[in-house]
$ cat structure.cif   # mmCIF, C-alpha atoms and all ligand atoms
data_my_file
loop_
_atom_site.label_atom_id
_atom_site.label_comp_id
_atom_site.auth_asym_id
_atom_site.auth_seq_id
_atom_site.Cartn_x
_atom_site.Cartn_y
_atom_site.Cartn_z
CA MET A 13 102.80 81.05 52.77
CA ALA A 14 104.92 83.66 50.97
CA ALA A 15 108.49 84.06 52.19
CA ILE A 16 109.34 87.43 53.70
CA THR A 17 112.46 89.41 52.98
CA ARG A 18 113.87 92.49 54.67
CA ALA A 19 113.05 94.61 51.61
CA GLY A 20 109.55 93.13 51.44
CA ARG A 21 108.88 93.86 55.09
CA ALA A 22 110.14 97.42 54.76
CA ALA A 23 107.94 97.97 51.67
CA ALA A 24 104.89 96.49 53.47
CA ASN A 25 105.50 98.72 56.44
CA ARG A 26 105.75 101.80 54.27
CA ALA A 27 102.53 100.88 52.45
CA ASP A 28 100.88 100.54 55.86
CA GLY A 29 102.12 103.94 56.89
CA VAL A 30 104.55 102.25 59.28
CA ARG A 31 108.18 103.27 59.32
CA PRO A 32 110.71 100.72 58.09
CA PRO A 33 112.25 98.52 60.79
CA GLU A 34 115.28 100.27 62.23
CA GLN A 35 117.35 97.24 63.20
CA GLY A 36 116.96 95.32 59.97
CA TRP A 37 115.33 92.32 61.67
CA LEU A 38 112.82 90.51 59.48
CA VAL A 39 110.77 90.03 62.61
CA PRO A 40 111.75 92.25 65.54
CA LEU A 41 110.98 91.27 69.11
CA SER A 42 108.51 94.11 69.48
CA ASP A 43 107.37 96.95 67.30
CA VAL A 44 105.25 100.10 67.61
CA ARG A 45 102.79 101.15 64.97
CA ILE A 46 102.74 104.80 63.99
CA ASP A 47 99.69 106.18 62.22
CA GLU A 48 97.94 109.48 61.67
CA GLU A 49 95.87 109.31 64.86
CA ILE A 50 99.00 108.90 67.00
CA GLU A 51 100.83 111.61 65.06
CA ARG A 52 97.88 114.00 65.34
CA ALA A 53 97.51 113.42 69.09
CA ALA A 54 101.21 114.07 69.69
CA LEU A 55 101.25 117.11 67.40
CA GLU A 56 98.20 118.66 69.07
CA ALA A 57 99.87 118.24 72.45
CA VAL A 58 103.07 119.84 71.15
CA ARG A 59 101.11 122.71 69.58
CA SER A 60 99.08 123.28 72.76
CA GLY A 61 102.16 124.90 74.25
CA TRP A 62 101.65 123.09 77.57
CA TRP A 63 104.07 120.19 77.60
CA SER A 64 104.42 119.18 81.23
CA MET A 65 101.67 117.57 83.32
CA GLY A 66 98.33 119.12 82.43
CA PRO A 67 94.89 118.39 80.93
CA ARG A 68 95.93 115.47 78.72
CA VAL A 69 97.54 113.70 81.68
CA ALA A 70 94.35 114.30 83.70
CA GLU A 71 92.28 112.93 80.83
CA LEU A 72 94.45 109.81 80.51
CA GLU A 73 94.15 109.26 84.27
CA ARG A 74 90.35 109.51 84.09
CA GLU A 75 90.22 107.12 81.16
CA PHE A 76 92.60 104.62 82.74
CA ALA A 77 90.74 104.68 86.08
CA ALA A 78 87.45 104.06 84.25
CA PHE A 79 89.03 101.30 82.14
CA CYS A 80 90.31 99.51 85.26
CA GLY A 81 87.27 100.32 87.40
CA VAL A 82 89.34 102.01 90.14
CA THR A 83 88.92 105.26 92.04
CA HIS A 84 92.43 106.66 91.58
CA ALA A 85 94.92 106.50 88.71
CA PHE A 86 98.15 108.54 88.64
CA ALA A 87 100.16 108.83 85.45
CA VAL A 88 103.89 108.65 86.08
CA ALA A 89 107.16 108.89 84.19
CA ASN A 90 107.60 105.11 83.87
CA GLY A 91 106.61 101.79 85.41
CA THR A 92 109.62 101.83 87.74
CA ALA A 93 108.42 105.13 89.21
CA ALA A 94 104.98 103.55 89.71
CA LEU A 95 106.57 100.68 91.66
CA HIS A 96 108.68 103.05 93.75
CA LEU A 97 105.65 105.17 94.63
CA GLY A 98 103.55 102.08 95.37
CA LEU A 99 106.16 100.63 97.73
CA LEU A 100 106.59 103.97 99.51
CA ALA A 101 102.83 104.49 99.75
CA VAL A 102 102.29 101.13 101.50
CA GLY A 103 105.01 102.11 103.95
CA CYS A 104 108.10 100.15 102.88
CA GLY A 105 111.29 101.52 104.41
CA SER A 106 114.47 100.59 106.21
CA ARG A 107 114.39 97.39 108.29
CA ASP A 108 111.47 96.08 106.19
CA GLU A 109 111.57 93.08 103.91
CA VAL A 110 109.60 92.85 100.68
CA LEU A 111 108.87 89.57 98.91
CA VAL A 112 109.32 89.59 95.15
CA PRO A 113 109.73 86.88 92.49
CA SER A 114 113.30 86.60 91.23
CA LEU A 115 112.08 85.75 87.72
CA ASN A 116 111.10 89.31 87.00
CA PHE A 117 112.44 92.50 85.50
CA VAL A 118 114.82 94.17 87.98
CA ALA A 119 112.68 97.32 88.50
CA ALA A 120 110.73 95.99 91.50
CA ALA A 121 113.87 94.75 93.28
CA ASN A 122 115.74 98.01 92.64
CA THR A 123 112.87 100.14 93.90
CA ILE A 124 112.51 97.96 97.01
CA CYS A 125 116.18 98.78 97.71
CA HIS A 126 115.55 102.49 97.04
CA THR A 127 112.95 102.52 99.84
CA GLY A 128 115.62 101.16 102.21
CA ALA A 129 113.90 97.76 102.47
CA ALA A 130 115.50 94.43 101.52
CA PRO A 131 114.10 92.27 98.73
CA VAL A 132 113.44 88.64 99.61
CA PHE A 133 113.36 86.65 96.41
CA CYS A 134 110.69 84.02 95.95
CA ASP A 135 110.33 81.13 93.56
CA ILE A 136 107.95 80.71 90.66
CA ALA A 137 105.22 78.09 90.69
CA ALA A 138 106.37 75.72 87.93
CA ALA A 139 107.95 75.47 84.51
CA ASN A 140 104.58 76.16 82.93
CA ASP A 141 103.48 78.77 85.49
CA LEU A 142 106.13 81.46 85.67
CA ASN A 143 104.27 83.49 88.29
CA LEU A 144 105.09 83.69 92.00
CA ASP A 145 104.47 80.50 93.96
CA PRO A 146 102.17 81.56 96.82
CA SER A 147 103.40 78.72 99.05
CA ASP A 148 107.04 79.78 98.59
CA ALA A 149 106.01 83.35 99.41
CA GLU A 150 104.37 82.06 102.57
CA ARG A 151 107.61 80.27 103.56
CA ALA A 152 109.55 83.50 102.97
CA ILE A 153 107.41 85.63 105.27
CA GLY A 154 109.20 86.75 108.41
CA PRO A 155 108.64 89.30 111.17
CA ALA A 156 110.07 92.12 108.99
CA THR A 157 107.91 91.38 105.92
CA ARG A 158 106.02 94.54 104.99
CA ALA A 159 104.83 93.82 101.46
CA LEU A 160 104.64 91.34 98.64
CA VAL A 161 105.19 92.28 94.99
CA VAL A 162 103.45 90.05 92.48
CA MET A 163 104.14 90.24 88.76
CA HIS A 164 101.61 88.98 86.21
CA TYR A 165 104.17 87.41 83.87
CA GLY A 166 103.42 88.05 80.21
CA GLY A 167 99.93 89.23 81.21
CA HIS A 168 99.05 85.88 82.84
CA PRO A 169 97.36 86.62 86.18
CA CYS A 170 98.92 85.28 89.37
CA ARG A 171 96.96 83.02 91.73
CA MET A 172 95.45 86.08 93.37
CA ASP A 173 93.00 84.23 95.66
CA GLU A 174 95.88 82.55 97.51
CA ILE A 175 98.02 85.68 97.41
CA LEU A 176 95.33 88.01 98.73
CA GLU A 177 94.40 85.52 101.46
CA LEU A 178 98.04 85.18 102.48
CA ALA A 179 98.49 88.95 102.58
CA ARG A 180 95.29 89.44 104.56
CA THR A 181 96.04 86.78 107.18
CA ARG A 182 99.68 87.85 107.59
CA GLY A 183 99.00 91.58 107.50
CA ILE A 184 101.21 92.45 104.53
CA ALA A 185 100.53 94.80 101.63
CA VAL A 186 100.24 93.62 98.01
CA VAL A 187 101.88 95.65 95.24
CA GLU A 188 100.85 94.36 91.80
CA ASP A 189 103.44 94.79 89.09
CA ALA A 190 101.02 94.80 86.17
CA ALA A 191 103.61 96.10 83.69
CA HIS A 192 102.75 93.23 81.32
CA ALA A 193 99.07 93.14 82.13
CA PRO A 194 96.96 96.21 81.27
CA GLY A 195 93.53 94.83 80.35
CA ALA A 196 94.26 91.31 81.62
CA THR A 197 91.66 89.94 84.03
CA TRP A 198 91.53 87.37 86.79
CA ARG A 199 88.02 86.08 87.59
CA GLY A 200 86.54 89.22 86.11
CA ARG A 201 88.85 91.60 88.00
CA MET A 202 91.45 93.68 86.22
CA CYS A 203 95.07 92.89 86.97
CA GLY A 204 96.49 95.79 88.95
CA THR A 205 93.24 96.41 90.87
CA MET A 206 93.32 93.54 93.36
CA GLY A 207 96.25 94.48 95.56
CA ASP A 208 96.73 97.68 97.55
CA VAL A 209 98.28 99.35 94.51
CA GLY A 210 98.74 98.33 90.86
CA CYS A 211 101.66 99.49 88.71
CA PHE A 212 101.74 99.67 84.91
CA SER A 213 104.48 100.44 82.40
CA PHE A 214 103.95 102.19 79.07
CA PHE A 215 107.47 101.38 77.80
CA SER A 216 107.69 100.88 74.03
CA ASN A 217 107.52 97.09 74.10
CA LYS A 218 104.49 96.99 76.40
CA ASN A 219 100.80 96.53 75.50
CA LEU A 220 100.08 100.26 75.90
CA PRO A 221 103.21 101.93 74.58
CA THR A 222 103.95 105.64 74.88
CA GLY A 223 107.76 105.44 74.74
CA GLU A 224 108.29 105.94 78.45
CA GLY A 225 105.43 106.28 80.91
CA GLY A 226 103.38 104.42 83.46
CA MET A 227 100.40 104.47 85.76
CA ILE A 228 99.72 103.59 89.37
CA VAL A 229 96.18 102.77 90.51
CA THR A 230 94.49 102.26 93.86
CA ASP A 231 91.05 102.31 95.47
CA ASP A 232 92.47 103.48 98.79
CA ASP A 233 92.06 107.23 99.37
CA ALA A 234 94.90 107.46 101.90
CA LEU A 235 97.35 105.64 99.62
CA ALA A 236 96.20 107.86 96.74
CA GLU A 237 96.96 110.99 98.72
CA ARG A 238 100.48 109.74 99.51
CA ILE A 239 101.07 108.85 95.87
CA ARG A 240 99.77 112.24 94.69
CA LEU A 241 102.23 114.04 96.97
CA LEU A 242 105.23 111.79 96.35
CA ARG A 243 104.83 111.99 92.56
CA SER A 244 105.56 115.70 92.54
CA HIS A 245 108.09 116.68 95.21
CA GLY A 246 105.60 116.46 98.09
CA MET A 247 104.08 119.72 96.83
CA THR A 248 100.49 120.57 97.73
CA ALA A 249 99.82 122.33 94.39
CA LEU A 250 101.14 121.72 90.88
CA THR A 251 102.45 124.12 88.26
CA TRP A 252 99.29 123.37 86.24
CA ASP A 253 97.09 124.35 89.23
CA ARG A 254 98.97 127.61 89.55
CA HIS A 255 98.80 128.20 85.78
CA ARG A 256 95.00 127.92 85.94
CA GLY A 257 94.85 130.24 88.92
CA HIS A 258 93.71 127.41 91.23
CA ALA A 259 96.60 128.04 93.59
CA HIS A 260 99.05 130.86 94.17
CA SER A 261 101.62 129.13 96.30
CA TYR A 262 102.31 125.71 97.73
CA ASP A 263 103.70 123.89 100.69
CA VAL A 264 106.00 120.85 100.62
CA VAL A 265 104.76 118.28 103.11
CA THR A 266 106.98 115.27 102.35
CA HIS A 267 110.25 114.49 100.52
CA GLY A 268 108.86 113.59 97.13
CA TYR A 269 110.15 112.99 93.61
CA ASN A 270 109.55 114.26 90.12
CA TYR A 271 107.81 111.23 88.63
CA ARG A 272 105.32 113.17 86.48
CA LEU A 273 104.26 112.24 82.94
CA ASP A 274 104.22 114.86 80.17
CA GLU A 275 101.37 115.90 77.91
CA ILE A 276 102.80 114.50 74.68
CA ARG A 277 103.08 110.97 76.03
CA ALA A 278 99.68 111.28 77.71
CA ALA A 279 98.11 112.21 74.37
CA ILE A 280 99.66 109.12 72.76
CA GLY A 281 98.56 107.07 75.78
CA SER A 282 94.91 108.01 75.31
CA VAL A 283 94.99 106.79 71.72
CA GLN A 284 96.76 103.58 72.77
CA LEU A 285 94.26 102.99 75.59
CA SER A 286 91.35 103.28 73.15
CA ARG A 287 92.94 100.44 71.17
CA LEU A 288 94.13 98.30 74.05
CA LYS A 289 91.35 95.69 74.03
CA GLU A 290 91.62 95.18 70.29
CA GLN A 291 95.42 95.04 70.44
CA ASN A 292 95.33 92.52 73.30
CA SER A 293 92.96 90.33 71.25
CA LYS A 294 95.33 90.49 68.31
CA ARG A 295 98.22 89.45 70.55
CA ALA A 296 96.13 86.57 71.92
CA ARG A 297 95.39 85.35 68.39
CA LEU A 298 99.09 85.45 67.53
CA VAL A 299 99.98 83.57 70.71
CA ALA A 300 97.40 80.93 69.74
CA LEU A 301 99.15 80.56 66.37
CA TYR A 302 102.51 80.14 68.13
CA ARG A 303 101.00 77.58 70.47
CA ALA A 304 99.39 75.58 67.69
CA ALA A 305 102.62 75.49 65.73
CA LEU A 306 105.15 74.99 68.52
CA ASP A 307 103.73 73.55 71.72
CA GLY A 308 104.89 69.97 72.11
CA VAL A 309 106.82 70.01 68.80
CA ASN A 310 110.54 69.09 68.90
CA GLY A 311 110.28 68.90 72.68
CA ILE A 312 109.25 72.58 72.91
CA VAL A 313 107.03 73.50 75.82
CA MET A 314 105.11 76.76 75.70
CA PRO A 315 105.83 79.20 77.27
CA PHE A 316 109.36 77.83 76.63
CA ALA A 317 109.95 78.26 72.96
CA ALA A 318 113.51 77.06 72.74
CA ARG A 319 116.75 76.92 74.60
CA PRO A 320 118.90 80.07 74.67
CA GLU A 321 121.69 78.37 72.72
CA THR A 322 119.38 78.38 69.69
CA ASP A 323 119.64 82.18 69.54
CA PRO A 324 122.36 82.41 66.85
CA ALA A 325 120.32 80.26 64.49
CA MET A 326 117.27 82.43 65.09
CA ALA A 327 119.25 85.58 64.43
CA ALA A 328 120.59 84.13 61.19
CA ALA A 329 116.98 83.64 60.15
CA GLY A 330 116.34 87.34 60.82
CA VAL A 331 114.20 86.66 63.88
CA GLN A 332 114.98 88.67 66.97
CA THR A 333 114.64 86.72 70.19
CA SER A 334 115.57 87.45 73.74
CA VAL A 335 116.36 85.42 76.78
CA HIS A 336 113.62 86.73 79.04
CA ASP A 337 114.76 88.74 82.05
CA PRO A 338 117.43 86.72 83.91
CA PRO A 339 116.60 85.92 87.55
CA ILE A 340 117.39 88.93 89.71
CA HIS A 341 119.01 87.00 92.55
CA GLN A 342 121.87 86.04 90.20
CA PHE A 343 122.80 89.63 89.26
CA THR A 344 126.00 91.03 90.74
CA ALA A 345 124.11 93.72 92.65
CA TYR A 346 121.96 91.10 94.40
CA ARG A 347 124.16 87.99 94.74
CA ALA A 348 125.49 88.93 98.17
CA LEU A 349 122.12 89.76 99.73
CA GLU A 350 121.70 88.28 103.18
CA THR A 351 118.11 87.43 102.37
CA GLN A 352 119.08 84.97 99.57
CA ARG A 353 117.10 81.72 99.60
CA ALA A 354 117.02 78.57 97.46
CA LEU A 355 114.94 79.10 94.29
CA PRO A 356 115.08 75.71 92.55
CA VAL A 357 112.22 76.18 90.08
CA THR A 358 113.44 79.60 88.97
CA GLU A 359 116.96 78.28 88.44
CA ALA A 360 115.78 75.22 86.53
CA VAL A 361 113.55 77.27 84.25
CA ALA A 362 115.43 80.52 83.70
CA SER A 363 118.19 79.20 81.44
CA ARG A 364 115.61 77.58 79.13
CA LEU A 365 113.36 80.60 78.61
CA LEU A 366 113.24 82.36 75.27
CA THR A 367 111.03 85.31 74.36
CA LEU A 368 109.63 85.32 70.84
CA PRO A 369 108.49 88.34 68.82
CA LEU A 370 104.99 89.59 69.62
CA TYR A 371 103.25 92.81 68.64
CA PRO A 372 99.65 93.37 67.53
CA HIS A 373 100.34 94.14 63.88
CA MET A 374 102.55 91.07 63.41
CA SER A 375 101.34 89.18 60.37
CA GLU A 376 100.74 85.45 60.05
CA THR A 377 103.71 85.45 57.68
CA ASP A 378 105.84 86.89 60.49
CA VAL A 379 104.59 84.16 62.86
CA SER A 380 105.41 81.50 60.26
CA ALA A 381 108.91 82.92 59.87
CA VAL A 382 109.45 82.74 63.62
CA VAL A 383 107.98 79.24 63.84
CA SER A 384 110.20 78.00 61.00
CA ALA A 385 113.26 79.53 62.64
CA VAL A 386 112.39 77.97 66.00
CA LEU A 387 111.80 74.55 64.46
CA ALA A 388 115.02 74.76 62.46
CA ALA A 389 116.92 75.66 65.62
CA THR A 390 115.52 72.92 67.87
C1 LIG A 401 107.63 93.34 84.89
C2 LIG A 401 108.14 94.73 84.72
N1 LIG A 401 108.04 95.59 85.75
C3 LIG A 401 108.46 96.86 85.65
C4 LIG A 401 109.01 97.34 84.49
C5 LIG A 401 109.53 98.73 84.47
O1 LIG A 401 108.82 99.56 83.64
P1 LIG A 401 109.52 100.87 82.99
O2 LIG A 401 110.49 100.39 81.98
O3 LIG A 401 108.36 101.60 82.40
O4 LIG A 401 110.15 101.62 84.10
C6 LIG A 401 109.12 96.47 83.39
C7 LIG A 401 109.66 96.83 82.08
O5 LIG A 401 110.20 97.61 81.59
C8 LIG A 401 108.68 95.14 83.51
O6 LIG A 401 108.79 94.27 82.51
#
$ encode --input "structure.cif" --output "structure tokens"
Amino acid sequence: MAAITRAGRAAANRADGVRPPEQGWLVPLSDVRIDEEIERAALEAVRSGWWSMGPRVAELEREFAAFCGVTHAFAVANGTAALHLGLLAVGCGSRDEVLVPSLNFVAAANTICHTGAAPVFCDIAAANDLNLDPSDAERAIGPATRALVVMHYGGHPCRMDEILELARTRGIAVVEDAAHAPGATWRGRMCGTMGDVGCFSFFSNKNLPTGEGGMIVTDDDALAERIRLLRSHGMTALTWDRHRGHAHSYDVVTHGYNYRLDEIRAAIGSVQLSRLKEQNSKRARLVALYRAALDGVNGIVMPFAARPETDPAMAAAGVQTSVHDPPIHQFTAYRALETQRALPVTEAVASRLLTLPLYPHMSETDVSAVVSAVLAAT
């Protein structure tokens, strides 16, 4: 397979209509593809003269709801806003506890704190199953437990049968953090549609990137109404409604937020959504290549690609890697929490996790470069 160079990659990207890599990595951790369809969608939204939440946001919501097979989808400013709204909608507040895996991005824990509730960190299932361990969640349930946040790590669905049964029998709400999982399914059901609410992120490194952005979905009409109000200041009518003459004034019925998405990102989101299935398949093919080349080689276990101390060697090879999100319970802001519990599997696994580059337009040459760098570093 031909060797790749920085100049070669930049030239290939330009030929593809893709801008040259900004950071100078031969293989960046993630990458967005820019083409005429994306540019046209964004430009049309800009030229429409209506930039805040309007028809393109409504269209993206309709498309996303249909894609997931849910009744309600609300576009929001980012995935963190989706989590905050979801937690508030299911009633989390002061004196509540919310279960959440520690091996997770910090957004869920932070937003639990913003509601006034306390996060209770739970362990992951095993070294080769980085999702929440339902039996550890069961042990963590107490009289104050209001909700359980599950995160489908890397788009791999959690053990939702056990989780939903646990939530049903113990009377707690399920908030799905599906930031990594748009289009992923569990027994034929879309991730994000099995709990009370499902939260998605459209951050640049996600499967449906719009820069910033997100979506919250639910089938529950009452939750949907709360989310609709909380997303935009608790107002009963939006600027867009008034612009169209559908409302002349408004009331404010709860203390809400401004978590709205804008038209330019929504326009990009619709294009990205139309490509999501194909892009997810491309990612799956690339993951299969990684697996075939790395799993079981030099003591490497997928999803563990290498130990963090191999990072400098990977960087020297021009391959950007990242230690995946450190466990939240070890961060300064969370270390002193009264609700801290022993998380042996998380602690054993976290220091050995390494995230490898993955984006749909990655070439086999890119994968080979990563694989060679990993093997050289292990
Ligand atoms: C698992 C997870 N949840 C939530 C978020 C927050 O999403 P956003 O960055 O769109 O606020 C992220 C990533 O950014 C994430 O990885």
$ atom_distance --input "structure.cif" --atom1 "atom CA of Thr230 of chain A" --atom2 "atom CA of Thr83 of chain A"
6.6 Å
$ closest_residue --input "structure.cif" --among "A:Pro155, A:Gly103, A:Gly225, A:Gly183" --to "ligand LIG 401 (chain A)" --atoms "all atoms listed in the file"
A:Gly225
$ closest_residue --input "structure.cif" --among "A:His192, A:Arg107, A:His267, A:Arg180" --to "Met163 of chain A" --atoms "only C-alpha atoms"
A:His192
$ residues_near_ligand --input "structure.cif" --ligand "ligand LIG 401 (chain A)" --cutoff "10 Å" --atoms "only C-alpha atoms and all ligand atoms" --output "ChimeraX atom specification"
/A:88-96,115-121,123,162-167,188-193,211-218,221-227,336-337
$ residues_near_point --input "structure.cif" --point "(101.0, 77.8, 69.5)" --cutoff "12 Å" --atoms "all atoms listed in the file" --output "ChimeraX atom specification"
/A:296-309,312-317,368,379-380,382-383,386
$ atom_distance --input "structure.cif" --atom1 "atom CA of Gly128 of chain A" --atom2 "atom CA of Ala149 of chain A"
20.4 Å
$ atom_distance --input "structure.cif" --atom1 "atom CA of Ser64 of chain A" --atom2 "atom CA of Val229 of chain A"
20.6 Å
